[in-house]
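Peer 1: Sharing structure09.pdb here; it has PDB, C-alpha atoms.
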```pdb
MODEL        1
ATOM      1  CA  ARG A   1     196.090 112.722 288.511  1.00  0.00           C
ATOM      2  CA  GLU A   2     199.770 113.003 288.296  1.00  0.00           C
ATOM      3  CA  SER A   3     200.114 109.577 286.759  1.00  0.00           C
ATOM      4  CA  ASP A   4     197.994 110.654 283.846  1.00  0.00           C
ATOM      5  CA  PRO A   5     200.132 111.393 280.780  1.00  0.00           C
ATOM      6  CA  ASP A   6     198.084 114.470 279.925  1.00  0.00           C
ATOM      7  CA  PHE A   7     198.822 115.962 283.266  1.00  0.00           C
ATOM      8  CA  GLU A   8     201.486 118.611 283.036  1.00  0.00           C
ATOM      9  CA  ILE A   9     202.687 120.849 285.703  1.00  0.00           C
ATOM     10  CA  PRO A  10     203.768 124.047 284.112  1.00  0.00           C
ATOM     11  CA  GLU A  11     206.738 125.742 285.623  1.00  0.00           C
ATOM     12  CA  GLU A  12     204.731 128.763 286.441  1.00  0.00           C
ATOM     13  CA  SER A  13     201.788 127.254 288.003  1.00  0.00           C
ATOM     14  CA  SER A  14     199.198 128.930 289.901  1.00  0.00           C
ATOM     15  CA  SER A  15     195.959 127.327 290.914  1.00  0.00           C
ATOM     16  CA  PHE A  16     192.778 129.011 291.572  1.00  0.00           C
ATOM     17  CA  VAL A  17     189.218 128.018 292.062  1.00  0.00           C
ATOM     18  CA  GLY A  18     186.556 130.363 290.906  1.00  0.00           C
ATOM     19  CA  LEU A  19     182.883 130.506 290.750  1.00  0.00           C
ATOM     20  CA  THR A  20     181.127 132.570 288.149  1.00  0.00           C
ATOM     21  CA  LEU A  21     177.541 133.525 288.730  1.00  0.00           C
ATOM     22  CA  GLY A  22     175.376 135.079 286.082  1.00  0.00           C
ATOM     23  CA  TRP A  23     172.156 136.881 286.777  1.00  0.00           C
ATOM     24  CA  ASP A  24     169.911 138.158 284.054  1.00  0.00           C
ATOM     25  CA  ILE A  25     168.536 141.269 285.648  1.00  0.00           C
ATOM     26  CA  PHE A  26     165.749 141.515 283.076  1.00  0.00           C
ATOM     27  CA  ALA A  27     164.469 137.974 283.644  1.00  0.00           C
ATOM     28  CA  GLY A  28     163.736 138.529 287.313  1.00  0.00           C
ATOM     29  CA  GLY A  29     160.532 140.453 286.544  1.00  0.00           C
ATOM     30  CA  ASP A  30     159.141 137.879 284.107  1.00  0.00           C
ATOM     31  CA  THR A  31     157.057 136.154 286.743  1.00  0.00           C
ATOM     32  CA  HIS A  32     155.797 139.431 288.127  1.00  0.00           C
ATOM     33  CA  HIS A  33     155.014 140.627 284.596  1.00  0.00           C
ATOM     34  CA  ALA A  34     153.218 137.365 283.715  1.00  0.00           C
ATOM     35  CA  VAL A  35     151.095 137.599 286.860  1.00  0.00           C
ATOM     36  CA  GLY A  36     150.239 141.230 286.089  1.00  0.00           C
ATOM     37  CA  GLU A  37     149.346 140.350 282.521  1.00  0.00           C
ATOM     38  CA  ALA A  38     147.137 137.462 283.675  1.00  0.00           C
ATOM     39  CA  LYS A  39     145.383 139.760 286.149  1.00  0.00           C
ATOM     40  CA  ALA A  40     144.789 142.317 283.382  1.00  0.00           C
ATOM     41  CA  VAL A  41     143.339 139.617 281.112  1.00  0.00           C
ATOM     42  CA  LEU A  42     141.124 138.441 283.986  1.00  0.00           C
ATOM     43  CA  ARG A  43     139.870 141.983 284.641  1.00  0.00           C
ATOM     44  CA  GLU A  44     139.182 142.460 280.931  1.00  0.00           C
ATOM     45  CA  THR A  45     137.284 139.167 280.773  1.00  0.00           C
ATOM     46  CA  GLU A  46     135.270 140.056 283.867  1.00  0.00           C
ATOM     47  CA  ALA A  47     134.425 143.461 282.383  1.00  0.00           C
ATOM     48  CA  THR A  48     133.368 141.844 279.093  1.00  0.00           C
ATOM     49  CA  TYR A  49     131.246 139.351 281.033  1.00  0.00           C
ATOM     50  CA  ALA A  50     129.624 142.151 283.048  1.00  0.00           C
ATOM     51  CA  VAL A  51     128.799 144.089 279.859  1.00  0.00           C
ATOM     52  CA  ALA A  52     127.357 140.981 278.198  1.00  0.00           C
ATOM     53  CA  LEU A  53     125.314 140.149 281.307  1.00  0.00           C
ATOM     54  CA  ARG A  54     124.000 143.712 281.527  1.00  0.00           C
ATOM     55  CA  GLU A  55     123.083 143.624 277.814  1.00  0.00           C
ATOM     56  CA  LEU A  56     121.308 140.274 278.250  1.00  0.00           C
ATOM     57  CA  LYS A  57     119.333 141.582 281.230  1.00  0.00           C
ATOM     58  CA  ARG A  58     118.360 144.665 279.240  1.00  0.00           C
ATOM     59  CA  GLU A  59     117.259 142.547 276.289  1.00  0.00           C
ATOM     60  CA  LEU A  60     115.230 140.190 278.492  1.00  0.00           C
ATOM     61  CA  LYS A  61     113.603 143.133 280.273  1.00  0.00           C
ATOM     62  CA  GLN A  62     112.685 144.663 276.909  1.00  0.00           C
ATOM     63  CA  HIS A  63     111.147 141.360 275.758  1.00  0.00           C
ATOM     64  CA  GLU A  64     109.210 141.081 279.026  1.00  0.00           C
ATOM     65  CA  GLN A  65     107.843 144.599 278.621  1.00  0.00           C
ATOM     66  CA  THR A  66     106.884 143.909 275.010  1.00  0.00           C
ATOM     67  CA  LEU A  67     105.221 140.669 276.110  1.00  0.00           C
ATOM     68  CA  GLU A  68     103.236 142.528 278.781  1.00  0.00           C
ATOM     69  CA  TYR A  69     102.190 145.105 276.165  1.00  0.00           C
ATOM     70  CA  ALA A  70     101.090 142.305 273.814  1.00  0.00           C
ATOM     71  CA  ARG A  71      99.183 140.601 276.644  1.00  0.00           C
ATOM     72  CA  MET A  72      97.325 143.849 277.386  1.00  0.00           C
ATOM     73  CA  ARG A  73      96.514 144.239 273.678  1.00  0.00           C
ATOM     74  CA  VAL A  74      95.034 140.719 273.627  1.00  0.00           C
ATOM     75  CA  GLU A  75      93.023 141.450 276.759  1.00  0.00           C
ATOM     76  CA  ASN A  76      91.766 144.751 275.325  1.00  0.00           C
ATOM     77  CA  GLY A  77      91.012 143.029 272.013  1.00  0.00           C
ATOM     78  CA  ILE A  78      88.915 140.394 273.753  1.00  0.00           C
ATOM     79  CA  ASN A  79      87.003 143.095 275.631  1.00  0.00           C
ATOM     80  CA  ALA A  80      86.511 145.110 272.431  1.00  0.00           C
ATOM     81  CA  CYS A  81      85.249 142.045 270.549  1.00  0.00           C
ATOM     82  CA  GLU A  82      82.805 141.197 273.314  1.00  0.00           C
ATOM     83  CA  ALA A  83      81.530 144.775 273.371  1.00  0.00           C
ATOM     84  CA  ALA A  84      81.237 144.906 269.560  1.00  0.00           C
ATOM     85  CA  MET A  85      79.331 141.610 269.506  1.00  0.00           C
ATOM     86  CA  GLU A  86      76.968 142.856 272.219  1.00  0.00           C
ATOM     87  CA  ASP A  87      76.380 146.008 270.166  1.00  0.00           C
ATOM     88  CA  ARG A  88      75.753 143.916 267.071  1.00  0.00           C
ATOM     89  CA  ASP A  89      73.254 141.751 268.943  1.00  0.00           C
ATOM     90  CA  MET A  90      71.386 144.817 270.243  1.00  0.00           C
ATOM     91  CA  VAL A  91      71.370 146.502 266.821  1.00  0.00           C
ATOM     92  CA  THR A  92      70.203 143.243 265.208  1.00  0.00           C
ATOM     93  CA  GLN A  93      67.246 143.132 267.604  1.00  0.00           C
ATOM     94  CA  LEU A  94      66.513 146.788 266.918  1.00  0.00           C
ATOM     95  CA  TYR A  95      66.757 146.166 263.162  1.00  0.00           C
ATOM     96  CA  GLU A  96      64.388 143.209 263.412  1.00  0.00           C
ATOM     97  CA  SER A  97      62.005 145.468 265.341  1.00  0.00           C
ATOM     98  CA  GLY A  98      62.258 148.046 262.570  1.00  0.00           C
ATOM     99  CA  LEU A  99      63.771 150.761 264.800  1.00  0.00           C
ATOM    100  CA  VAL A 100      67.134 151.168 262.975  1.00  0.00           C
ATOM    101  CA  ALA A 101      68.204 151.168 259.357  1.00  0.00           C
ATOM    102  CA  VAL A 102      70.269 148.470 257.686  1.00  0.00           C
ATOM    103  CA  THR A 103      73.190 150.888 257.411  1.00  0.00           C
ATOM    104  CA  ARG A 104      73.540 150.922 261.195  1.00  0.00           C
ATOM    105  CA  LEU A 105      73.554 147.112 261.188  1.00  0.00           C
ATOM    106  CA  ASN A 106      76.323 147.171 258.556  1.00  0.00           C
ATOM    107  CA  GLU A 107      78.352 149.637 260.632  1.00  0.00           C
ATOM    108  CA  VAL A 108      78.109 147.451 263.697  1.00  0.00           C
ATOM    109  CA  GLN A 109      79.094 144.371 261.691  1.00  0.00           C
ATOM    110  CA  LYS A 110      82.163 146.253 260.373  1.00  0.00           C
ATOM    111  CA  ASP A 111      83.041 147.170 263.962  1.00  0.00           C
ATOM    112  CA  VAL A 112      82.921 143.483 264.900  1.00  0.00           C
ATOM    113  CA  GLU A 113      85.160 142.575 261.955  1.00  0.00           C
ATOM    114  CA  HIS A 114      87.694 145.285 262.826  1.00  0.00           C
ATOM    115  CA  SER A 115      87.699 144.186 266.459  1.00  0.00           C
ATOM    116  CA  LEU A 116      88.344 140.595 265.420  1.00  0.00           C
ATOM    117  CA  GLN A 117      91.176 141.683 263.104  1.00  0.00           C
ATOM    118  CA  ARG A 118      92.842 143.673 265.881  1.00  0.00           C
ATOM    119  CA  LEU A 119      92.424 140.724 268.257  1.00  0.00           C
ATOM    120  CA  VAL A 120      94.076 138.380 265.767  1.00  0.00           C
ATOM    121  CA  GLN A 121      96.945 140.835 265.270  1.00  0.00           C
ATOM    122  CA  ALA A 122      97.354 141.151 269.044  1.00  0.00           C
ATOM    123  CA  ARG A 123      97.461 137.357 269.432  1.00  0.00           C
ATOM    124  CA  VAL A 124     100.064 137.056 266.675  1.00  0.00           C
ATOM    125  CA  LEU A 125     102.158 139.782 268.333  1.00  0.00           C
ATOM    126  CA  PHE A 126     101.840 137.969 271.656  1.00  0.00           C
ATOM    127  CA  SER A 127     102.943 134.655 270.115  1.00  0.00           C
ATOM    128  CA  GLN A 128     105.901 136.232 268.344  1.00  0.00           C
ATOM    129  CA  THR A 129     106.983 138.118 271.449  1.00  0.00           C
ATOM    130  CA  TRP A 130     106.654 134.972 273.552  1.00  0.00           C
ATOM    131  CA  GLU A 131     108.891 133.049 271.142  1.00  0.00           C
ATOM    132  CA  GLU A 132     111.442 135.885 271.030  1.00  0.00           C
ATOM    133  CA  LEU A 133     111.562 135.917 274.833  1.00  0.00           C
ATOM    134  CA  ARG A 134     112.070 132.147 274.931  1.00  0.00           C
ATOM    135  CA  ILE A 135     114.866 132.409 272.371  1.00  0.00           C
ATOM    136  CA  ALA A 136     116.551 135.294 274.211  1.00  0.00           C
ATOM    137  CA  ALA A 137     116.303 133.392 277.496  1.00  0.00           C
ATOM    138  CA  GLY A 138     117.859 130.313 275.911  1.00  0.00           C
ATOM    139  CA  ARG A 139     114.746 128.180 276.299  1.00  0.00           C
ATOM    140  CA  MET A 140     114.470 127.576 272.563  1.00  0.00           C
ATOM    141  CA  CYS A 141     116.985 127.457 269.740  1.00  0.00           C
ATOM    142  CA  PRO A 142     116.404 130.016 266.972  1.00  0.00           C
ATOM    143  CA  GLU A 143     116.949 127.275 264.400  1.00  0.00           C
ATOM    144  CA  ALA A 144     113.890 125.439 265.737  1.00  0.00           C
ATOM    145  CA  CYS A 145     111.539 128.135 264.483  1.00  0.00           C
ATOM    146  CA  ASP A 146     113.349 128.931 261.221  1.00  0.00           C
ATOM    147  CA  PRO A 147     111.001 127.692 258.451  1.00  0.00           C
ATOM    148  CA  GLU A 148     113.667 128.015 255.725  1.00  0.00           C
ATOM    149  CA  ARG A 149     115.935 125.644 257.606  1.00  0.00           C
ATOM    150  CA  GLU A 150     113.271 122.905 257.496  1.00  0.00           C
ATOM    151  CA  ASN A 151     113.121 123.078 253.698  1.00  0.00           C
ATOM    152  CA  LYS A 152     116.859 122.494 253.285  1.00  0.00           C
TER     153      LYS A 152
ENDMDL
END
```
Please express what this file holds, its structure, as structure tokens.

Peer 2:
Amino acid sequence: RESDPDFEIPEESSSFVGLTLGWDIFAGGDTHHAVGEAKAVLRETEATYAVALRELKRELKQHEQTLEYARMRVENGINACEAAMEDRDMVTQLYESGLVAVTRLNEVQKDVEHSLQRLVQARVLFSQTWEELRIAAGRMCPEACDPERENK
């Protein structure tokens, strides 16, 4: 305002109105760069997920195959025990009739014992494999079957 004491009109006066615009040419790509970086992180995460999923499927398949093997061992062990016991019964009758020696009876009894041992080992393998499959599938926490953890 002209009535303002600070207002001075210089003798050489020239008035101009200007507008200054500034544009940071390197900041324009920040959004594009951030989107590209986010997409790269997403692709990396998806690839990591796919690898982990593939590894989990492989592990579960391996446990299933081991479980099937253990099941077949139990089944074969049961059949072997039944056959060994039948042999022992027949040899016992033959021994009582005096047709075979006591050494044959001892051999058959050892066969029964070995068959029972293998059956027990097969059942233990089956139980362990079953628990490992349950743990791998997330049906049971590994800490639940850790005996050292219970003592602490």

Peer 1: Smallest atom-to-atom distance to A:Phe126: which of A:Glu59, A:Glu107, A:Glu37, A:Glu75, using all atoms listed in the file?

Peer 2: A:Glu75

Peer 1: As a list in words, please: the residues near A:Trp130 (cut-off 10 Å, all atoms listed in the file, same-chain neighbours under 2 positions excluded).

Peer 2: His63, Glu64, Thr66, Leu67, Glu68, Ala70, Arg71, Val124, Leu125, Phe126, Ser127, Gln128, Glu132, Leu133, Arg134, Ile135 and Ala136 of chain A

Peer 1: Looking at all atoms listed in the file, which of A:Leu53, A:Val74, A:Val100, A:Ala80 is the one that sits closest to A:Val112?

Peer 2: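 Closest to A:Val112 of all the choices is A:Ala80.
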
Peer 1: Would you translate the PyMOL selection byres ((chain A and resi 117-121) around 8) into the concrete set of residues it matches in this file, as a list in words?

Peer 2: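 Evaluating the PyMOL selection byres ((chain A and resi 117-121) around 8) on this file yields Arg73, Val74, Gly77, Ile78, Cys81, Glu113, His114, Ser115, Leu116, Ala122, Arg123, Val124 and Leu125 of chain A.
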
Peer 1: Between atom CA of A:Val91 and atom CA of A:Arg104, what is the distance in Å, rounded to a tenth?

Peer 2: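 Atom CA of A:Val91 sits 7.5 Å away from atom CA of A:Arg104.
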
Peer 1: Could stretch 38-77 of chain A be written out with C-alpha atoms, as a PDB file, in the first residue's frame, please?

Peer 2:
```
ATOM      1  CA  ALA A  38       7.702 -54.308  -4.804  1.00  0.00           C
ATOM      2  CA  LYS A  39       6.943 -56.561  -7.774  1.00  0.00           C
ATOM      3  CA  ALA A  40      10.459 -58.025  -7.588  1.00  0.00           C
ATOM      4  CA  VAL A  41      10.050 -58.693  -3.855  1.00  0.00           C
ATOM      5  CA  LEU A  42       6.670 -60.316  -4.552  1.00  0.00           C
ATOM      6  CA  ARG A  43       8.155 -62.550  -7.262  1.00  0.00           C
ATOM      7  CA  GLU A  44      11.011 -63.519  -4.944  1.00  0.00           C
ATOM      8  CA  THR A  45       8.572 -64.337  -2.142  1.00  0.00           C
ATOM      9  CA  GLU A  46       6.397 -66.383  -4.487  1.00  0.00           C
ATOM     10  CA  ALA A  47       9.457 -68.284  -5.725  1.00  0.00           C
ATOM     11  CA  THR A  48      10.580 -68.951  -2.140  1.00  0.00           C
ATOM     12  CA  TYR A  49       7.063 -70.130  -1.288  1.00  0.00           C
ATOM     13  CA  ALA A  50       6.991 -72.429  -4.327  1.00  0.00           C
ATOM     14  CA  VAL A  51      10.367 -73.945  -3.371  1.00  0.00           C
ATOM     15  CA  ALA A  52       9.254 -74.454   0.235  1.00  0.00           C
ATOM     16  CA  LEU A  53       5.962 -76.007  -0.898  1.00  0.00           C
ATOM     17  CA  ARG A  54       7.764 -78.325  -3.316  1.00  0.00           C
ATOM     18  CA  GLU A  55      10.207 -79.340  -0.552  1.00  0.00           C
ATOM     19  CA  LEU A  56       7.326 -79.997   1.862  1.00  0.00           C
ATOM     20  CA  LYS A  57       5.511 -82.138  -0.711  1.00  0.00           C
ATOM     21  CA  ARG A  58       8.706 -84.087  -1.351  1.00  0.00           C
ATOM     22  CA  GLU A  59       9.250 -84.629   2.366  1.00  0.00           C
ATOM     23  CA  LEU A  60       5.650 -85.748   2.925  1.00  0.00           C
ATOM     24  CA  LYS A  61       5.840 -88.105  -0.055  1.00  0.00           C
ATOM     25  CA  GLN A  62       9.060 -89.595   1.327  1.00  0.00           C
ATOM     26  CA  HIS A  63       7.427 -90.113   4.742  1.00  0.00           C
ATOM     27  CA  GLU A  64       4.397 -91.725   3.090  1.00  0.00           C
ATOM     28  CA  GLN A  65       6.615 -94.108   1.139  1.00  0.00           C
ATOM     29  CA  THR A  66       8.588 -94.976   4.267  1.00  0.00           C
ATOM     30  CA  LEU A  67       5.319 -95.530   6.131  1.00  0.00           C
ATOM     31  CA  GLU A  68       4.080 -97.861   3.381  1.00  0.00           C
ATOM     32  CA  TYR A  69       7.391 -99.755   3.538  1.00  0.00           C
ATOM     33  CA  ALA A  70       7.061-100.062   7.329  1.00  0.00           C
ATOM     34  CA  ARG A  71       3.450-101.235   6.976  1.00  0.00           C
ATOM     35  CA  MET A  72       4.539-103.952   4.531  1.00  0.00           C
ATOM     36  CA  ARG A  73       7.308-105.010   6.933  1.00  0.00           C
ATOM     37  CA  VAL A  74       4.746-105.357   9.743  1.00  0.00           C
ATOM     38  CA  GLU A  75       2.443-107.351   7.482  1.00  0.00           C
ATOM     39  CA  ASN A  76       5.301-109.611   6.364  1.00  0.00           C
ATOM     40  CA  GLY A  77       6.446-109.959   9.979  1.00  0.00           C
TER      41      GLY A  77
END
```
